[in-house]
Each structure stands twice: as C-alpha cells, then as structure tokens.
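Comments concern the structure below.
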Amino acid sequence: MSGPATACADTVVMFRRAVRHTLRSRDTLLISLLLPVLIMLLFVYVFGGAIQVEGPYIDYVIPGIILLCTGFGASITATAVATDLRTGAVDRFRTLPIYRQALLAGHVGEGVARNMIAVALVLLVGVLLGFHPRASLLAWLGALAIIALFVHAITWIAVALGLLAQNPEAAGGFTYAIMFIPYISSAFVPTASMPTWLRGFADHQPATPVIDTLRDLFTGADAGSGASAVLWSVGLAAVGYVCAAVLFARRAR
C-alpha cells in the first residue's frame, strides 16, 4: 500500500502503539522525565558555585540540560527499536499491507513527543529555580523550532543505533555517546576554559552551536550560531534517516 494518506495513517497507528508501550513502562518514563531535572539541580546547586560565567549559572546551564534530555530520550527509543527486532514484531508487521517505514516513523514521533515533554518540564522547573529568559515571542518560537529539529535528528540517529544493535542492552549502550557529547561542549562551562586540543573538538561538534543558539535566544541576544545549529540538525537527521532505512531493510530481510 502506498500514498501519502495511507503512509500518514499507518504512521499514526505505529505512533500510538509506541506511546502505549512507553506509558506501560512507567519507571522508564519517570526516569526519562525526572533525570534531566535532577542533573540540573546537581549542576546548579553543587557545581554552579564553582563555575564562573556571565550572569546567573542557571541561565547558562539550561540549554545544556535540554540537550541532555535528548540523549536520555534517545536511549529509550533505541532500546524500543531493538526490542521490536528481538521479539519479532518487525517480521509480523512486514506481513501486513502497511507503509514500510511506518514502524520507524512511529518510534521517531513518540521519541520527539516524549523529549519535548521532558524539555518543557526542565524549563518549568528552571523558571521555579530562578531561570529568567528574556526572549521575545519570536525568539521563543525560534528556540522551540531549534529544539524540535535537533530532537528529531537525534531520534533518527537513535533508531539507526537500535537497528544496528544485536539486542536491547547493546542499543542502550550505543546511545551513551549521544549523552556524552553535551559534556564536551559549551553546555556546562565555556569552551575557552578547556585545553586547546579539547576546545577544538568542543567548538566544532553538533551540541555547541545548538546550545549557543538556544542560550542567545533565551537571553534575547543575536543567535549568531543559528545557521550552524540548523545545518548540523538537518545533516544529522538526513544521516540518521538514511542509515535507519538501510539497516531496517537489511535486518528485516
């Protein structure tokens, strides 16, 4: 079966399936929502006093915590995809007359929705703790668009890692690299404080331009890294989608 209407309908069905699976695993859902908040509390109240930045540290760290949400969410998505492969769900769905990529698109949609909820929770708790964004309505819309675009890209990467892994445990392990990247960026400390060899990597990897763009938008400054953030997000999404499509065809075969 083909056609845009059929593809959308099948994707919605798979999205609802993925959401139901997530809601049934309440411990996993709570961890994905609460862990970024706990890490934010750790950095603000334990490490924040020892880190010198311009302005309140909570205003500085919120964009980095948002990207950490993406890493935690990616682990859940990758594990869910690997579980579908291991339990034979993929083989069963392939016997049905449905859009071939609906299963993967459903996982991506659920991952994006879950991550955006986690981001909203981080922003809400951040405001209660003293986060004072000075963004205009247009800047807020731009920040949300950047977040959604980056989350979409990382979720496709997570789907590809789930298809690459031989089991759900390995899939979760593969995503540690995604969670580790924000730590070597401008998320928690200025890159100028890093050694020269490390600063070169921190300044030229995907997380830093996204974080800098969000920080500029939240503070009302000009988003000088906006173009780089969009290009990185689009490029990662394209790589993730192509790799997922190729791996899905091989694993399903």
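In the structure tokens, each chain is lettered A, B, ... as it comes, each chain's residues begin at 1, and ligands are numbered from 1 in order of appearance.
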| message | Can you tell me which residues surround range 154-162 of chain A at a distance of at most 8 Å, considering only C-alpha atoms, apart from same-chain residues fewer than 3 positions away, and format the answer as a ChimeraX atom specification? | response | /A:70-71,73-75,77-82,104,107-108,111-112,150-151,165,168,171-172,174-175,236-237,239-241,243-245,247
With a cut-off of 10 Å, could you pull out the residues of range 6-83 of chain A touching range 188-211 of chain A and give me the nearest pair of atoms for each, distance in Å to one decimal, using only C-alpha atoms, ordered by chain and ascending number, as JSON lines?
{"residue": "A:Phe43", "atom": "CA", "partner": "A:Phe188", "partner_atom": "CA", "distance": 8.0}
{"residue": "A:Val44", "atom": "CA", "partner": "A:Phe188", "partner_atom": "CA", "distance": 9.8}
{"residue": "A:Phe47", "atom": "CA", "partner": "A:Phe188", "partner_atom": "CA", "distance": 9.4}
{"residue": "A:Gly48", "atom": "CA", "partner": "A:Phe188", "partner_atom": "CA", "distance": 8.8}
{"residue": "A:Ile51", "atom": "CA", "partner": "A:Val189", "partner_atom": "CA", "distance": 7.0}
{"residue": "A:Gln52", "atom": "CA", "partner": "A:Val189", "partner_atom": "CA", "distance": 8.1}
{"residue": "A:Val53", "atom": "CA", "partner": "A:Pro190", "partner_atom": "CA", "distance": 7.4}
{"residue": "A:Glu54", "atom": "CA", "partner": "A:Pro190", "partner_atom": "CA", "distance": 9.8}
{"residue": "A:Tyr57", "atom": "CA", "partner": "A:Phe188", "partner_atom": "CA", "distance": 8.8}
{"residue": "A:Ile58", "atom": "CA", "partner": "A:Phe188", "partner_atom": "CA", "distance": 9.8}
{"residue": "A:Tyr60", "atom": "CA", "partner": "A:Phe188", "partner_atom": "CA", "distance": 7.4}
{"residue": "A:Val61", "atom": "CA", "partner": "A:Phe188", "partner_atom": "CA", "distance": 5.6}
{"residue": "A:Ile62", "atom": "CA", "partner": "A:Phe188", "partner_atom": "CA", "distance": 8.9}
{"residue": "A:Pro63", "atom": "CA", "partner": "A:Ile211", "partner_atom": "CA", "distance": 5.4}
{"residue": "A:Gly64", "atom": "CA", "partner": "A:Ile211", "partner_atom": "CA", "distance": 6.1}
{"residue": "A:Ile65", "atom": "CA", "partner": "A:Phe188", "partner_atom": "CA", "distance": 8.6}
{"residue": "A:Ile66", "atom": "CA", "partner": "A:Ile211", "partner_atom": "CA", "distance": 8.6}
{"residue": "A:Leu67", "atom": "CA", "partner": "A:Ala207", "partner_atom": "CA", "distance": 7.5}
{"residue": "A:Leu68", "atom": "CA", "partner": "A:Ala207", "partner_atom": "CA", "distance": 9.9}
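Between CA of Thr87 in chain A and CA of Val12 in chain A the separation is 21.5 Å.
For the residues A:Asp91, A:Met116, A:Gly109, A:His152, ranking by smallest atom-to-atom distance to Ser233 in chain A using only C-alpha atoms places A:His152 first.
Of the listed residues (A:Leu29, A:Ile117, A:Ala18, A:Cys69), A:Cys69 comes nearest to Pro182 in chain A; the distances count only C-alpha atoms.
Going from CA of Ala187 in chain A over to CA of Leu38 in chain A, you cover 15.8 Å.
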| note | For Leu138 in chain A, the closest of A:Leu42, A:Gln101, A:Leu217, A:Arg20 counting only C-alpha atoms is A:Leu217
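You can rank A:Ala170, A:Gly220, A:Leu214, A:Gly55 by their closest distance to Arg86 in chain A using only C-alpha atoms, and at the top of that list sits A:Ala170.
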| Residue contacts of Pro133 in chain A (10 Å, only C-alpha atoms) excluding same-chain residues fewer than 4 positions away, as a PyMOL selection string | chain A and resi 59+123+126-127+140+215-220
What would the file look like if the residues just selected were written as a PDB file, in the first residue's frame with C-alpha atoms?
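Result written to selection-v4.pdb:
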ATOM      1  CA  ASP A  59      20.559  30.821  32.788  1.00  0.00           C
ATOM      2  CA  LEU A 123      12.051  24.768  31.524  1.00  0.00           C
ATOM      3  CA  GLY A 126      14.145  26.042  35.769  1.00  0.00           C
ATOM      4  CA  VAL A 127      11.777  29.011  35.983  1.00  0.00           C
ATOM      5  CA  TRP A 140      10.768  31.550  21.814  1.00  0.00           C
ATOM      6  CA  ARG A 215      21.357  30.487  25.007  1.00  0.00           C
ATOM      7  CA  ASP A 216      21.339  33.535  22.733  1.00  0.00           C
ATOM      8  CA  LEU A 217      17.632  33.195  22.002  1.00  0.00           C
ATOM      9  CA  PHE A 218      16.721  32.798  25.678  1.00  0.00           C
ATOM     10  CA  THR A 219      18.780  35.834  26.683  1.00  0.00           C
ATOM     11  CA  GLY A 220      17.497  37.997  23.832  1.00  0.00           C
TER      12      GLY A 220
END
| task | Enumerate the residues of range 16-242 of chain A with a DSSP assignment of alpha helix (DSSP H), computed from the backbone, and present them as JSON, numbers by chain. | result | {"A": [16, 17, 18, 19, 20, 21, 22, 23, 24, 26, 27, 28, 29, 30, 31, 32, 33, 34, 35, 36, 37, 38, 39, 40, 41, 42, 57, 58, 59, 60, 61, 62, 63, 64, 65, 66, 67, 68, 69, 70, 71, 72, 73, 74, 75, 76, 77, 78, 79, 80, 81, 82, 83, 84, 85, 86, 87, 89, 90, 91, 92, 93, 94, 102, 103, 104, 105, 106, 107, 108, 109, 110, 111, 112, 113, 114, 115, 116, 117, 118, 119, 120, 121, 122, 123, 124, 125, 126, 127, 128, 129, 137, 138, 139, 140, 141, 142, 143, 144, 145, 146, 147, 148, 149, 150, 151, 152, 153, 154, 155, 156, 157, 158, 159, 160, 161, 162, 163, 164, 168, 169, 170, 171, 172, 173, 174, 176, 177, 178, 179, 180, 196, 197, 198, 199, 200, 201, 202, 203, 207, 208, 209, 210, 211, 212, 213, 214, 215, 216, 217, 218, 219, 226, 227, 228, 229, 230, 231, 232, 233, 234, 235, 236, 237, 238, 239, 240, 241, 242]}
